[in-house]
$ cat final01.cif   # mmCIF, C-alpha atoms
data_run
loop_
_atom_site.label_atom_id
_atom_site.label_comp_id
_atom_site.auth_asym_id
_atom_site.auth_seq_id
_atom_site.Cartn_x
_atom_site.Cartn_y
_atom_site.Cartn_z
CA MET A 221 161.51 44.20 30.32
CA LYS A 222 158.23 45.37 28.77
CA LYS A 223 155.30 44.69 31.09
CA ASN A 224 151.61 44.27 30.32
CA LEU A 225 148.96 46.48 31.95
CA GLY A 226 148.03 43.95 34.62
CA THR A 227 151.63 43.69 35.77
CA LEU A 228 152.07 47.48 35.69
CA CYS A 229 148.96 47.92 37.86
CA ILE A 230 150.72 45.93 40.57
CA HIS A 231 154.43 46.61 40.05
CA GLY A 232 154.56 49.96 38.25
CA GLY A 233 156.15 52.98 39.93
CA TRP A 234 157.73 51.23 42.93
CA LYS A 235 160.60 48.75 42.66
CA PRO A 236 161.97 47.91 46.11
CA SER A 237 165.62 47.02 46.42
CA LYS A 238 167.38 45.03 49.14
CA GLY A 239 165.71 45.43 52.49
CA GLU A 240 163.05 47.89 51.30
CA PRO A 241 159.32 47.30 51.90
CA GLN A 242 157.40 45.33 49.29
CA GLN A 243 154.45 47.72 49.62
CA LEU A 244 154.89 51.37 48.67
CA PRO A 245 155.69 53.33 51.88
CA ILE A 246 153.82 56.44 52.97
CA TYR A 247 156.37 59.28 53.14
CA GLN A 248 154.19 61.39 55.43
CA SER A 249 156.64 64.26 55.72
CA THR A 250 156.46 67.86 54.61
CA THR A 251 160.21 68.24 54.21
CA PHE A 252 163.43 66.34 53.52
CA ARG A 253 166.86 66.83 55.09
CA TYR A 254 170.18 67.47 53.33
CA GLU A 255 173.74 67.62 54.59
CA THR A 256 174.89 70.78 52.80
CA SER A 257 173.33 74.03 51.65
CA GLU A 258 174.66 73.41 48.12
CA GLN A 259 172.68 70.15 47.85
CA MET A 260 169.48 72.03 48.62
CA ALA A 261 170.36 74.92 46.31
CA ARG A 262 170.81 72.62 43.32
CA LEU A 263 167.31 71.25 43.88
CA PHE A 264 165.82 74.75 43.90
CA ASP A 265 167.60 75.51 40.61
CA LEU A 266 166.26 72.28 39.01
CA GLU A 267 169.83 71.10 38.50
CA ASP A 268 169.41 67.91 40.53
CA GLU A 269 166.48 65.57 41.08
CA GLY A 270 165.32 64.98 44.62
CA TYR A 271 162.90 65.99 47.34
CA PHE A 272 162.88 69.00 49.60
CA TYR A 273 159.22 69.95 50.13
CA THR A 274 156.10 67.86 49.54
CA ARG A 275 154.23 70.73 47.88
CA LEU A 276 156.41 70.12 44.86
CA GLN A 277 157.30 66.44 45.08
CA ASN A 278 157.00 63.52 47.45
CA PRO A 279 158.30 59.93 46.99
CA THR A 280 154.90 58.31 47.60
CA ASN A 281 153.12 60.68 45.24
CA ASP A 282 155.79 60.32 42.58
CA ALA A 283 155.76 56.51 42.67
CA VAL A 284 152.00 56.46 42.04
CA ALA A 285 152.33 59.12 39.34
CA ALA A 286 155.00 56.98 37.65
CA LYS A 287 152.65 53.99 37.71
CA ILE A 288 149.87 56.00 36.04
CA ALA A 289 152.32 57.35 33.45
CA ALA A 290 153.41 53.80 32.66
CA LEU A 291 149.79 52.64 32.34
CA GLU A 292 149.03 55.45 29.90
CA GLY A 293 152.32 55.15 28.04
CA GLY A 294 153.49 58.67 28.93
CA VAL A 295 156.90 60.11 29.80
CA GLY A 296 155.73 61.49 33.13
CA ALA A 297 152.75 62.33 35.31
CA VAL A 298 151.81 64.58 38.20
CA LEU A 299 149.24 63.82 40.89
CA THR A 300 146.87 66.57 41.98
CA SER A 301 144.44 66.99 44.86
CA SER A 302 141.38 66.40 42.63
CA GLY A 303 140.32 65.72 39.07
CA GLN A 304 139.19 69.34 38.81
CA ALA A 305 142.70 70.46 39.77
CA ALA A 306 144.16 68.14 37.14
CA ASN A 307 142.03 69.64 34.37
CA PHE A 308 142.79 73.18 35.55
CA TYR A 309 146.53 72.53 35.66
CA ALA A 310 146.53 70.80 32.27
CA ILE A 311 145.05 73.92 30.65
CA PHE A 312 146.73 76.59 32.78
CA ASN A 313 150.16 75.08 32.14
CA ILE A 314 149.96 76.35 28.55
CA CYS A 315 147.40 79.17 28.79
CA GLN A 316 147.54 82.63 30.30
CA ALA A 317 145.37 85.75 30.29
CA GLY A 318 144.40 86.61 26.72
CA ASP A 319 144.54 83.00 25.52
CA HIS A 320 141.78 80.74 24.24
CA PHE A 321 141.06 77.03 23.98
CA VAL A 322 138.38 74.81 22.45
CA THR A 323 136.50 72.12 24.35
CA SER A 324 133.79 69.56 23.83
CA ASN A 325 130.47 70.74 25.27
CA THR A 326 129.55 67.31 26.67
CA ILE A 327 132.14 67.37 29.47
CA TYR A 328 131.41 66.95 33.20
CA GLY A 329 129.35 69.80 34.68
CA GLY A 330 132.06 70.85 37.13
CA THR A 331 134.60 71.08 34.31
CA PHE A 332 132.04 72.97 32.18
CA ASN A 333 131.83 75.61 34.94
CA LEU A 334 135.59 75.64 35.49
CA PHE A 335 136.24 76.33 31.82
CA GLY A 336 133.30 78.59 31.03
CA VAL A 337 133.09 80.65 34.22
CA THR A 338 136.12 80.46 36.51
CA MET A 339 138.88 80.45 33.88
CA LYS A 340 137.13 83.30 32.12
CA LYS A 341 137.77 85.35 35.27
CA LEU A 342 141.47 84.66 34.76
CA GLY A 343 141.27 86.05 31.23
CA ILE A 344 141.27 82.64 29.51
CA GLU A 345 138.34 82.09 27.15
CA CYS A 346 137.02 78.84 25.78
CA THR A 347 134.65 77.91 22.98
CA PHE A 348 132.33 74.94 23.51
CA VAL A 349 131.73 72.78 20.45
CA ASP A 350 129.51 69.78 19.85
CA PRO A 351 131.75 66.81 18.96
CA ASP A 352 129.07 65.67 16.51
CA TRP A 353 129.53 68.81 14.39
CA ASP A 354 131.26 68.44 11.03
CA ASP A 355 134.95 69.26 10.63
CA GLU A 356 134.32 72.64 9.05
CA ARG A 357 132.30 73.87 11.99
CA ILE A 358 134.88 72.52 14.49
CA HIS A 359 137.76 74.20 12.62
CA ALA A 360 135.85 77.51 12.75
CA ALA A 361 136.08 77.51 16.57
CA PHE A 362 139.89 77.88 16.51
CA ARG A 363 141.56 81.28 16.74
CA ASP A 364 145.08 82.64 16.44
CA ASN A 365 145.37 82.57 20.25
CA THR A 366 143.95 79.03 20.69
CA LYS A 367 146.26 76.84 22.79
CA CYS A 368 144.59 73.39 22.98
CA PHE A 369 141.52 71.22 22.41
CA PHE A 370 139.91 69.32 25.31
CA GLY A 371 137.53 66.37 25.44
CA GLU A 372 136.54 63.30 27.49
CA THR A 373 137.04 59.75 26.20
CA ILE A 374 133.58 58.89 27.54
CA SER A 375 131.58 61.94 28.51
CA ASN A 376 130.24 62.41 32.02
CA PRO A 377 127.29 62.08 32.46
CA GLY A 378 126.06 61.48 28.90
CA GLY A 379 128.24 58.50 28.01
CA ASN A 380 129.15 59.76 24.52
CA VAL A 381 132.37 58.46 22.94
CA PHE A 382 134.95 61.03 21.82
CA ASP A 383 136.57 60.48 18.42
CA ILE A 384 140.14 60.90 19.65
CA GLU A 385 141.91 60.35 16.34
CA ARG A 386 139.68 62.85 14.54
CA PHE A 387 140.13 65.59 17.12
CA ALA A 388 143.86 64.96 17.40
CA ARG A 389 144.09 65.55 13.66
CA ILE A 390 142.04 68.77 13.93
CA ALA A 391 144.00 70.08 16.93
CA HIS A 392 147.35 69.34 15.33
CA SER A 393 146.32 71.06 12.10
CA HIS A 394 146.06 74.24 14.19
CA GLY A 395 149.38 73.62 15.95
CA VAL A 396 147.91 72.82 19.37
CA PRO A 397 147.81 69.69 21.56
CA LEU A 398 144.79 67.50 22.28
CA ILE A 399 144.03 66.99 25.98
CA VAL A 400 141.79 64.03 26.83
CA ASP A 401 140.17 63.27 30.18
CA ASN A 402 140.37 59.47 30.31
CA THR A 403 138.68 59.03 33.70
CA PHE A 404 135.80 56.75 32.70
CA ALA A 405 137.67 54.48 30.28
CA THR A 406 140.91 54.28 32.30
CA PRO A 407 144.07 53.05 30.52
CA VAL A 408 142.77 49.51 30.93
CA ASN A 409 140.13 50.15 28.26
CA CYS A 410 141.62 53.04 26.26
CA ARG A 411 145.04 54.66 25.92
CA PRO A 412 144.44 58.00 24.17
CA PHE A 413 148.13 58.53 23.36
CA GLU A 414 147.90 55.61 20.93
CA TRP A 415 145.26 57.58 18.99
CA GLY A 416 147.13 60.89 18.82
CA ALA A 417 146.26 62.62 22.11
CA ASP A 418 149.11 64.60 23.68
CA ILE A 419 148.07 65.01 27.32
CA VAL A 420 145.75 62.87 29.43
CA THR A 421 143.99 63.80 32.65
CA HIS A 422 142.20 61.69 35.25
CA SER A 423 140.00 62.07 38.25
CA THR A 424 141.73 59.33 40.21
CA THR A 425 138.82 59.57 42.64
CA LYS A 426 136.86 57.36 40.26
CA TYR A 427 137.81 53.92 38.85
CA MET A 428 141.52 54.21 39.62
CA ASP A 429 140.65 54.36 43.33
CA GLY A 430 137.46 52.35 42.91
CA HIS A 431 136.45 52.37 46.59
CA ALA A 432 135.57 56.03 47.31
CA THR A 433 138.42 56.48 49.79
CA GLN A 434 140.36 59.44 48.38
CA VAL A 435 139.94 62.47 46.14
CA GLY A 436 142.66 63.03 43.57
CA GLY A 437 143.65 63.68 39.99
CA ALA A 438 146.49 63.15 37.55
CA VAL A 439 147.99 64.85 34.51
CA VAL A 440 149.97 62.61 32.15
CA ASP A 441 152.30 63.90 29.43
CA SER A 442 152.90 61.85 26.28
CA GLY A 443 156.11 63.75 25.58
CA ARG A 444 155.22 63.74 21.88
CA PHE A 445 153.98 67.26 21.22
CA ASP A 446 156.66 69.44 19.64
CA TRP A 447 156.40 72.65 21.64
CA ASP A 448 159.42 74.20 19.90
CA ALA A 449 157.74 73.77 16.50
CA GLU A 450 155.06 76.16 17.81
CA ALA A 451 157.44 78.21 19.96
CA GLY A 452 155.59 81.49 19.48
CA ARG A 453 152.34 79.94 20.67
CA PHE A 454 153.81 78.44 23.85
CA PRO A 455 156.28 80.97 25.31
CA GLY A 456 155.92 79.52 28.82
CA LEU A 457 157.70 76.39 27.62
CA THR A 458 159.98 77.77 24.93
CA THR A 459 161.31 81.03 26.38
CA PRO A 460 163.33 81.65 29.56
CA ASP A 461 161.56 81.41 32.92
CA GLU A 462 162.96 84.25 35.00
CA SER A 463 161.78 82.59 38.21
CA TYR A 464 164.40 79.89 37.50
CA HIS A 465 167.29 82.15 36.39
CA GLY A 466 166.29 82.09 32.73
CA LEU A 467 165.89 78.33 32.36
CA THR A 468 163.96 77.27 29.22
CA TYR A 469 161.92 74.10 29.80
CA THR A 470 162.10 72.62 26.31
CA LYS A 471 165.88 73.08 26.19
CA ALA A 472 166.52 71.82 29.71
CA PHE A 473 164.05 68.93 29.87
CA GLY A 474 163.23 67.93 26.29
CA ARG A 475 160.24 65.58 26.12
CA LYS A 476 159.49 66.20 29.81
CA ALA A 477 159.24 69.98 29.42
CA TYR A 478 155.46 70.17 29.93
CA VAL A 479 155.28 67.95 33.01
CA THR A 480 158.39 69.55 34.57
CA LYS A 481 156.94 73.04 34.17
CA LEU A 482 153.68 71.88 35.74
CA VAL A 483 155.51 70.69 38.86
CA SER A 484 158.18 73.32 39.21
CA GLN A 485 155.99 76.32 38.40
CA LEU A 486 152.30 75.56 39.01
CA MET A 487 152.71 73.24 41.98
CA ARG A 488 155.30 75.59 43.42
CA ASP A 489 152.85 78.51 43.29
CA LEU A 490 149.42 76.88 43.65
CA GLY A 491 150.15 73.68 45.56
CA SER A 492 147.17 71.44 44.70
CA ILE A 493 148.89 68.29 45.91
CA PRO A 494 147.40 65.08 47.28
CA SER A 495 148.50 63.90 50.68
CA PRO A 496 150.89 60.90 50.62
CA GLN A 497 148.22 58.97 52.54
CA ASN A 498 145.74 59.55 49.70
CA SER A 499 148.31 58.46 47.13
CA PHE A 500 148.89 55.28 49.12
CA LEU A 501 145.15 54.52 49.04
CA LEU A 502 145.04 55.30 45.33
CA ASN A 503 147.87 52.84 44.74
CA LEU A 504 145.90 50.08 46.46
CA GLY A 505 143.06 50.76 44.05
CA LEU A 506 145.36 50.72 41.04
CA GLU A 507 146.61 47.26 41.98
CA THR A 508 143.19 45.79 41.11
CA LEU A 509 142.13 48.18 38.33
CA HIS A 510 142.76 45.59 35.60
CA LEU A 511 140.53 43.11 37.45
CA ARG A 512 137.72 45.49 38.35
CA MET A 513 137.16 47.19 34.99
CA PRO A 514 136.09 44.03 33.10
CA ARG A 515 133.53 43.26 35.84
CA HIS A 516 132.18 46.82 35.76
CA CYS A 517 131.75 46.53 31.99
CA GLU A 518 130.19 43.06 32.18
CA ASN A 519 127.66 44.16 34.79
CA ALA A 520 126.88 47.40 32.96
CA MET A 521 126.24 45.58 29.71
CA ARG A 522 123.71 43.29 31.41
CA VAL A 523 121.97 46.26 33.02
CA ALA A 524 121.99 48.28 29.78
CA GLN A 525 120.37 45.40 27.92
CA TRP A 526 117.74 45.07 30.64
CA LEU A 527 117.00 48.80 30.51
CA GLU A 528 116.78 48.78 26.71
CA ASP A 529 114.12 46.05 26.88
CA ASN A 530 112.18 47.67 29.74
CA PRO A 531 108.87 49.31 28.70
CA ARG A 532 109.23 51.94 31.46
CA VAL A 533 112.48 53.23 29.96
CA ALA A 534 112.34 55.94 27.28
CA TRP A 535 115.95 55.75 26.11
CA VAL A 536 119.38 54.31 27.00
CA ASN A 537 122.83 55.58 26.10
CA TYR A 538 125.51 52.94 26.59
CA CYS A 539 128.08 52.59 23.85
CA GLY A 540 128.39 48.82 24.31
CA LEU A 541 124.89 48.28 22.91
CA PRO A 542 124.92 47.46 19.17
CA SER A 543 121.96 49.81 18.72
CA ASN A 544 123.87 52.75 20.21
CA LYS A 545 124.90 55.76 18.16
CA TYR A 546 128.45 55.53 19.49
CA TYR A 547 128.83 51.77 19.06
CA PRO A 548 131.16 52.08 15.99
CA LEU A 549 133.46 54.48 17.88
CA ALA A 550 133.36 52.22 20.92
CA GLN A 551 134.44 49.27 18.79
CA LYS A 552 137.36 51.34 17.55
CA TYR A 553 138.56 52.89 20.81
CA LEU A 554 137.05 50.61 23.46
CA PRO A 555 136.90 47.08 21.99
CA ASN A 556 137.36 45.42 25.39
CA GLY A 557 134.63 47.45 27.10
CA SER A 558 133.99 51.06 28.01
CA CYS A 559 133.03 51.59 31.65
CA GLY A 560 130.22 50.93 34.12
CA VAL A 561 128.34 54.20 33.61
CA ILE A 562 124.97 54.21 31.83
CA ALA A 563 122.81 57.22 30.96
CA PHE A 564 119.08 56.61 30.58
CA GLY A 565 115.71 58.27 30.91
CA LEU A 566 112.37 57.04 32.20
CA LYS A 567 109.05 57.59 30.49
CA GLY A 568 107.33 60.28 32.48
CA THR A 569 108.30 63.52 34.16
CA ARG A 570 111.44 64.84 35.82
CA GLU A 571 109.75 64.08 39.14
CA ASP A 572 109.38 60.43 38.11
CA ALA A 573 113.15 60.18 37.86
CA ILE A 574 113.46 61.56 41.39
CA HIS A 575 110.84 59.14 42.76
CA PHE A 576 112.57 56.23 41.07
CA MET A 577 115.84 57.02 42.80
CA ASP A 578 114.14 57.55 46.15
CA ASN A 579 112.64 54.04 45.87
CA LEU A 580 115.99 52.28 45.47
CA ASP A 581 117.27 49.96 48.20
CA PHE A 582 121.05 49.42 48.13
CA VAL A 583 121.77 51.42 44.98
CA SER A 584 123.04 54.68 46.46
CA ILE A 585 122.10 58.26 45.61
CA VAL A 586 125.49 59.94 45.76
CA THR A 587 127.47 62.50 43.79
CA HIS A 588 130.18 59.90 43.33
CA VAL A 589 130.55 57.61 40.33
CA ALA A 590 132.79 54.73 39.21
CA ASP A 591 132.75 53.00 42.57
CA ALA A 592 132.62 49.35 43.64
CA ARG A 593 129.08 50.19 44.81
CA THR A 594 126.31 50.92 42.34
CA CYS A 595 125.49 54.63 42.42
CA VAL A 596 122.78 56.77 40.85
CA LEU A 597 122.42 60.50 40.22
CA HIS A 598 120.04 62.90 38.47
CA PRO A 599 122.50 65.42 36.94
CA ALA A 600 119.94 68.15 36.25
CA SER A 601 119.12 68.17 39.98
CA HIS A 602 122.63 67.50 41.28
CA THR A 603 125.98 67.84 39.45
CA HIS A 604 124.57 70.18 36.77
CA ARG A 605 122.10 71.96 39.06
CA GLN A 606 123.95 75.27 38.62
CA LEU A 607 123.37 75.27 34.85
CA SER A 608 120.42 76.96 33.17
CA ASP A 609 118.08 74.94 30.94
CA GLU A 610 119.88 76.39 27.94
CA GLN A 611 123.27 75.38 29.34
CA LEU A 612 121.95 71.90 30.16
CA LEU A 613 121.00 71.40 26.54
CA GLU A 614 124.34 72.82 25.41
CA ALA A 615 126.09 70.33 27.70
CA GLY A 616 124.00 67.46 26.35
CA VAL A 617 122.19 66.86 29.64
CA ALA A 618 118.50 66.09 29.22
CA PRO A 619 116.19 66.95 32.15
CA ASP A 620 115.25 63.26 32.49
CA LEU A 621 118.82 61.92 32.30
CA ILE A 622 119.68 59.47 35.07
CA ARG A 623 123.35 58.54 35.50
CA LEU A 624 123.70 54.98 36.74
CA SER A 625 127.17 53.83 37.75
CA VAL A 626 127.03 50.05 37.83
CA GLY A 627 129.19 48.57 40.56
CA LEU A 628 130.65 45.19 41.39
CA GLU A 629 127.68 43.67 43.23
CA ASP A 630 125.90 40.61 41.83
CA VAL A 631 124.26 41.93 38.67
CA ASP A 632 121.00 40.07 39.35
CA ASP A 633 120.69 42.02 42.60
CA ILE A 634 121.37 45.31 40.83
CA ILE A 635 118.64 44.60 38.28
CA ALA A 636 116.24 43.46 41.00
CA ASP A 637 116.71 46.75 42.86
CA LEU A 638 116.07 48.77 39.70
CA GLN A 639 113.00 46.67 38.98
CA GLN A 640 111.40 47.10 42.40
CA ALA A 641 112.06 50.86 42.31
CA MET A 642 110.39 51.21 38.90
CA SER A 643 107.42 49.10 39.98
CA LYS A 644 106.54 51.71 42.61
CA LEU A 645 106.16 54.56 40.10
#

$ encode --input "final01.cif" --output "structure tokens"
Amino acid sequence: MKKNLGTLCIHGGWKPSKGEPQQLPIYQSTTFRYETSEQMARLFDLEDEGYFYTRLQNPTNDAVAAKIAALEGGVGAVLTSSGQAANFYAIFNICQAGDHFVTSNTIYGGTFNLFGVTMKKLGIECTFVDPDWDDERIHAAFRDNTKCFFGETISNPGGNVFDIERFARIAHSHGVPLIVDNTFATPVNCRPFEWGADIVTHSTTKYMDGHATQVGGAVVDSGRFDWDAEAGRFPGLTTPDESYHGLTYTKAFGRKAYVTKLVSQLMRDLGSIPSPQNSFLLNLGLETLHLRMPRHCENAMRVAQWLEDNPRVAWVNYCGLPSNKYYPLAQKYLPNGSCGVIAFGLKGTREDAIHFMDNLDFVSIVTHVADARTCVLHPASHTHRQLSDEQLLEAGVAPDLIRLSVGLEDVDDIIADLQQAMSKL
């Protein structure tokens, strides 16, 4: 039976049978017992499905991963210990030293550093491109050793909307997959696979959790990219893996080749897993995701309109506003709403932005975002503090940019807090 998103949020991933608990159990165990050595051996050879060590797989983690895969419309998913780990694994699963990939330059500051600094130390280079460039200039960024294109559905912190269909077309013309971080939109408001994306990542720490109780990530595989058609470009998937007695992932696992390799090879060796307890908490958040996202969007729209009309505000970037540059793309990809995150700037200096935040009452200054509580951050001073002024501009982060994550409180109270803070400038 085909289920709608709201039903999948509650029932996806875990289907109890006779006598089993209605709520997903926490399998808080590192290891799993078998009766014979042969049973265990077949698991290590990837010949049977099952559990033997939580670093690779765990029933609680896998049930939540299956729910997220169902929400996104993928063939499989893997949970990771953070959103950063998810983005690293998504790239590293198909890249190795000497390879290259292309990425939007408006991505989250931590991911910008991961791609531009840390992965460079591993011998993997990336080229940052402005998604607003014309096709010719984007195409010019690709090389013979390019392995993928990466972007965010809604950029963090800028709030720009990524033209998924356009970049899927460009990526595919070069024989590589499109990877989309769908953290801010969530599958409730956008399902990138429906627009041509091949792999989706999430920081499940954000809206999927929604209550700031756990740190986690997810990688979801659409199962649609034809790795064998580009066999020479992706040898890790299309040639024998000697660490598994010469097994070839595309031959052995078909549409699940990418996600199986991620678990059996990367998780085996690097082990960035969430604890089952964290996955349990994430699942509780997922059960109300379809209810919370519309309220986040409704509140954010009210706040964005108030900011746009406020004489103290220099500019507002929220794609739900008809005046916004990204409004046409938002109507295409996010017709039911985008998210609760607004980027704006105050008239005045960088210090004015700091004073404004210091004057707030219940709106919290935290590095977190996409929470039930309204949160605020000055990226140039916080999440992007490590970037130079030149890199800030390259990442689309203005010195006066304030990231406001509108929560689930009464919207009149949110606006009142913003108002009183501005009145003290």

$ residues_around --input "final01.cif" --residues "Pro542 in chain A" --least-positions-apart "6" --cutoff "10 Å" --atoms "all atoms listed in the file" --output "CSV table (one decimal) with C-alpha atoms, keeping the file's coordinate frame"
chain,number,residue,atom,x,y,z
A,548,PRO,CA,131.2,52.1,16.0
A,550,ALA,CA,133.4,52.2,20.9
A,551,GLN,CA,134.4,49.3,18.8

$ atom_distance --input "final01.cif" --atom1 "CA of Pro531 in chain A" --atom2 "CA of Pro619 in chain A"
19.4 Å

$ resolve_selection --input "final01.cif" --expression "the PyMOL selection byres ((chain A and resi 490) around 12)" --output "mmCIF file with C-alpha atoms, in the coordinates of the input"
data_model
loop_
_atom_site.group_PDB
_atom_site.id
_atom_site.type_symbol
_atom_site.label_atom_id
_atom_site.label_comp_id
_atom_site.auth_asym_id
_atom_site.auth_seq_id
_atom_site.Cartn_x
_atom_site.Cartn_y
_atom_site.Cartn_z
ATOM 1 C CA ARG A 275 154.230 70.730 47.880
ATOM 2 C CA LEU A 276 156.410 70.120 44.860
ATOM 3 C CA THR A 300 146.870 66.570 41.980
ATOM 4 C CA SER A 301 144.440 66.990 44.860
ATOM 5 C CA ALA A 305 142.700 70.460 39.770
ATOM 6 C CA PHE A 308 142.790 73.180 35.550
ATOM 7 C CA TYR A 309 146.530 72.530 35.660
ATOM 8 C CA PHE A 312 146.730 76.590 32.780
ATOM 9 C CA ASN A 313 150.160 75.080 32.140
ATOM 10 C CA LEU A 482 153.680 71.880 35.740
ATOM 11 C CA VAL A 483 155.510 70.690 38.860
ATOM 12 C CA SER A 484 158.180 73.320 39.210
ATOM 13 C CA GLN A 485 155.990 76.320 38.400
ATOM 14 C CA LEU A 486 152.300 75.560 39.010
ATOM 15 C CA MET A 487 152.710 73.240 41.980
ATOM 16 C CA ARG A 488 155.300 75.590 43.420
ATOM 17 C CA ASP A 489 152.850 78.510 43.290
ATOM 18 C CA GLY A 491 150.150 73.680 45.560
ATOM 19 C CA SER A 492 147.170 71.440 44.700
ATOM 20 C CA ILE A 493 148.890 68.290 45.910
#

$ closest_residue --input "final01.cif" --among "A:Pro377, A:Pro397, A:Gly270, A:Gly329" --to "Arg453 in chain A" --atoms "only C-alpha atoms"
A:Pro397

$ residues_around --input "final01.cif" --residues "range 333-348 of chain A" --least-positions-apart "2" --cutoff "7 Å" --atoms "only C-alpha atoms" --output "mmCIF file with C-alpha atoms, in the coordinates of the input"
data_model
loop_
_atom_site.group_PDB
_atom_site.id
_atom_site.type_symbol
_atom_site.label_atom_id
_atom_site.label_comp_id
_atom_site.auth_asym_id
_atom_site.auth_seq_id
_atom_site.Cartn_x
_atom_site.Cartn_y
_atom_site.Cartn_z
ATOM 1 C CA GLN A 316 147.540 82.630 30.300
ATOM 2 C CA ALA A 317 145.370 85.750 30.290
ATOM 3 C CA GLY A 318 144.400 86.610 26.720
ATOM 4 C CA ASP A 319 144.540 83.000 25.520
ATOM 5 C CA HIS A 320 141.780 80.740 24.240
ATOM 6 C CA PHE A 321 141.060 77.030 23.980
ATOM 7 C CA VAL A 322 138.380 74.810 22.450
ATOM 8 C CA THR A 323 136.500 72.120 24.350
ATOM 9 C CA SER A 324 133.790 69.560 23.830
ATOM 10 C CA ASN A 325 130.470 70.740 25.270
ATOM 11 C CA GLY A 329 129.350 69.800 34.680
ATOM 12 C CA GLY A 330 132.060 70.850 37.130
ATOM 13 C CA THR A 331 134.600 71.080 34.310
ATOM 14 C CA ASP A 350 129.510 69.780 19.850
ATOM 15 C CA ALA A 361 136.080 77.510 16.570
#

$ resolve_selection --input "final01.cif" --expression "the PyMOL selection byres ((chain A and resi 409) around 9)" --output "ChimeraX atom specification"
/A:405-408,410-411,513-514,553-559

$ residues_around --input "final01.cif" --residues "Gly233 in chain A" --least-positions-apart "3" --cutoff "10 Å" --atoms "only C-alpha atoms" --output "CSV table (one decimal) with C-alpha atoms, in the frame of the given file"
chain,number,residue,atom,x,y,z
A,228,LEU,CA,152.1,47.5,35.7
A,229,CYS,CA,149.0,47.9,37.9
A,230,ILE,CA,150.7,45.9,40.6
A,236,PRO,CA,162.0,47.9,46.1
A,244,LEU,CA,154.9,51.4,48.7
A,280,THR,CA,154.9,58.3,47.6
A,281,ASN,CA,153.1,60.7,45.2
A,282,ASP,CA,155.8,60.3,42.6
A,283,ALA,CA,155.8,56.5,42.7
A,284,VAL,CA,152.0,56.5,42.0
A,285,ALA,CA,152.3,59.1,39.3
A,286,ALA,CA,155.0,57.0,37.6
A,287,LYS,CA,152.6,54.0,37.7
A,288,ILE,CA,149.9,56.0,36.0
A,289,ALA,CA,152.3,57.4,33.4
A,290,ALA,CA,153.4,53.8,32.7
A,291,LEU,CA,149.8,52.6,32.3
A,503,ASN,CA,147.9,52.8,44.7

$ residues_around --input "final01.cif" --residues "Asp352 in chain A" --least-positions-apart "3" --cutoff "12 Å" --atoms "only C-alpha atoms" --output "PyMOL selection string"
chain A and resi 324-326+349+355-358+380-383+386-387+545-546+616

$ resolve_selection --input "final01.cif" --expression "the PyMOL selection byres ((chain A and resi 638) around 9)" --output "PyMOL selection string"
chain A and resi 576-577+579-581+583+633-637+639-643

$ write_last_selection --input "final01.cif" --atoms "C-alpha atoms" --output "short mmCIF file (atom, residue, chain, number, x, y, z; two decimals), in the frame of the given file"
data_model
loop_
_atom_site.label_atom_id
_atom_site.label_comp_id
_atom_site.auth_asym_id
_atom_site.auth_seq_id
_atom_site.Cartn_x
_atom_site.Cartn_y
_atom_site.Cartn_z
CA PHE A 576 112.57 56.23 41.07
CA MET A 577 115.84 57.02 42.80
CA ASN A 579 112.64 54.04 45.87
CA LEU A 580 115.99 52.28 45.47
CA ASP A 581 117.27 49.96 48.20
CA VAL A 583 121.77 51.42 44.98
CA ASP A 633 120.69 42.02 42.60
CA ILE A 634 121.37 45.31 40.83
CA ILE A 635 118.64 44.60 38.28
CA ALA A 636 116.24 43.46 41.00
CA ASP A 637 116.71 46.75 42.86
CA GLN A 639 113.00 46.67 38.98
CA GLN A 640 111.40 47.10 42.40
CA ALA A 641 112.06 50.86 42.31
CA MET A 642 110.39 51.21 38.90
CA SER A 643 107.42 49.10 39.98
#

$ residues_around --input "final01.cif" --residues "Leu502 in chain A" --least-positions-apart "3" --cutoff "6 Å" --atoms "all atoms listed in the file" --output "ChimeraX atom specification"
/A:429,499,505

$ closest_residue --input "final01.cif" --among "A:Pro599, A:Met428, A:Phe264, A:Ala618" --to "Glu507 in chain A" --atoms "only C-alpha atoms"
A:Met428

$ atom_distance --input "final01.cif" --atom1 "CA of Leu504 in chain A" --atom2 "CA of Val435 in chain A"
13.8 Å

$ atom_distance --input "final01.cif" --atom1 "CA of Leu628 in chain A" --atom2 "CA of Lys567 in chain A"
27.2 Å

$ closest_residue --input "final01.cif" --among "A:Ile374, A:Leu501, A:Ala310, A:Val631" --to "His431 in chain A" --atoms "only C-alpha atoms"
A:Leu501

$ axis_aligned_box --input "final01.cif" --around "range 353-356 of chain A" --padding-each-side "5 Å" --output "JSON"
{"center_x": 132.2, "center_y": 70.5, "center_z": 11.7, "size_x": 15.4, "size_y": 14.2, "size_z": 15.3}

$ closest_residue --input "final01.cif" --among "A:Ile384, A:Val295, A:Asp461, A:Asp630" --to "Lys552 in chain A" --atoms "all atoms listed in the file"
A:Ile384

$ closest_residue --input "final01.cif" --among "A:Leu549, A:Thr508, A:Ala391, A:Phe582" --to "Thr373 in chain A" --atoms "all atoms listed in the file"
A:Leu549

$ decode --input "final01.cif" --residues "range 536-544 of chain A" --atoms "C-alpha atoms" --output "mmCIF file, in the first residue's frame"
data_model
loop_
_atom_site.group_PDB
_atom_site.id
_atom_site.type_symbol
_atom_site.label_atom_id
_atom_site.label_comp_id
_atom_site.auth_asym_id
_atom_site.auth_seq_id
_atom_site.Cartn_x
_atom_site.Cartn_y
_atom_site.Cartn_z
ATOM 1 C CA VAL A 536 15.617 40.402 3.508
ATOM 2 C CA ASN A 537 16.222 37.115 1.722
ATOM 3 C CA TYR A 538 13.314 34.708 2.125
ATOM 4 C CA CYS A 539 12.190 32.867 -0.973
ATOM 5 C CA GLY A 540 8.524 32.884 0.075
ATOM 6 C CA LEU A 541 8.308 36.652 -0.476
ATOM 7 C CA PRO A 542 6.939 37.551 -3.942
ATOM 8 C CA SER A 543 9.609 40.253 -4.191
ATOM 9 C CA ASN A 544 12.425 37.745 -3.664
#
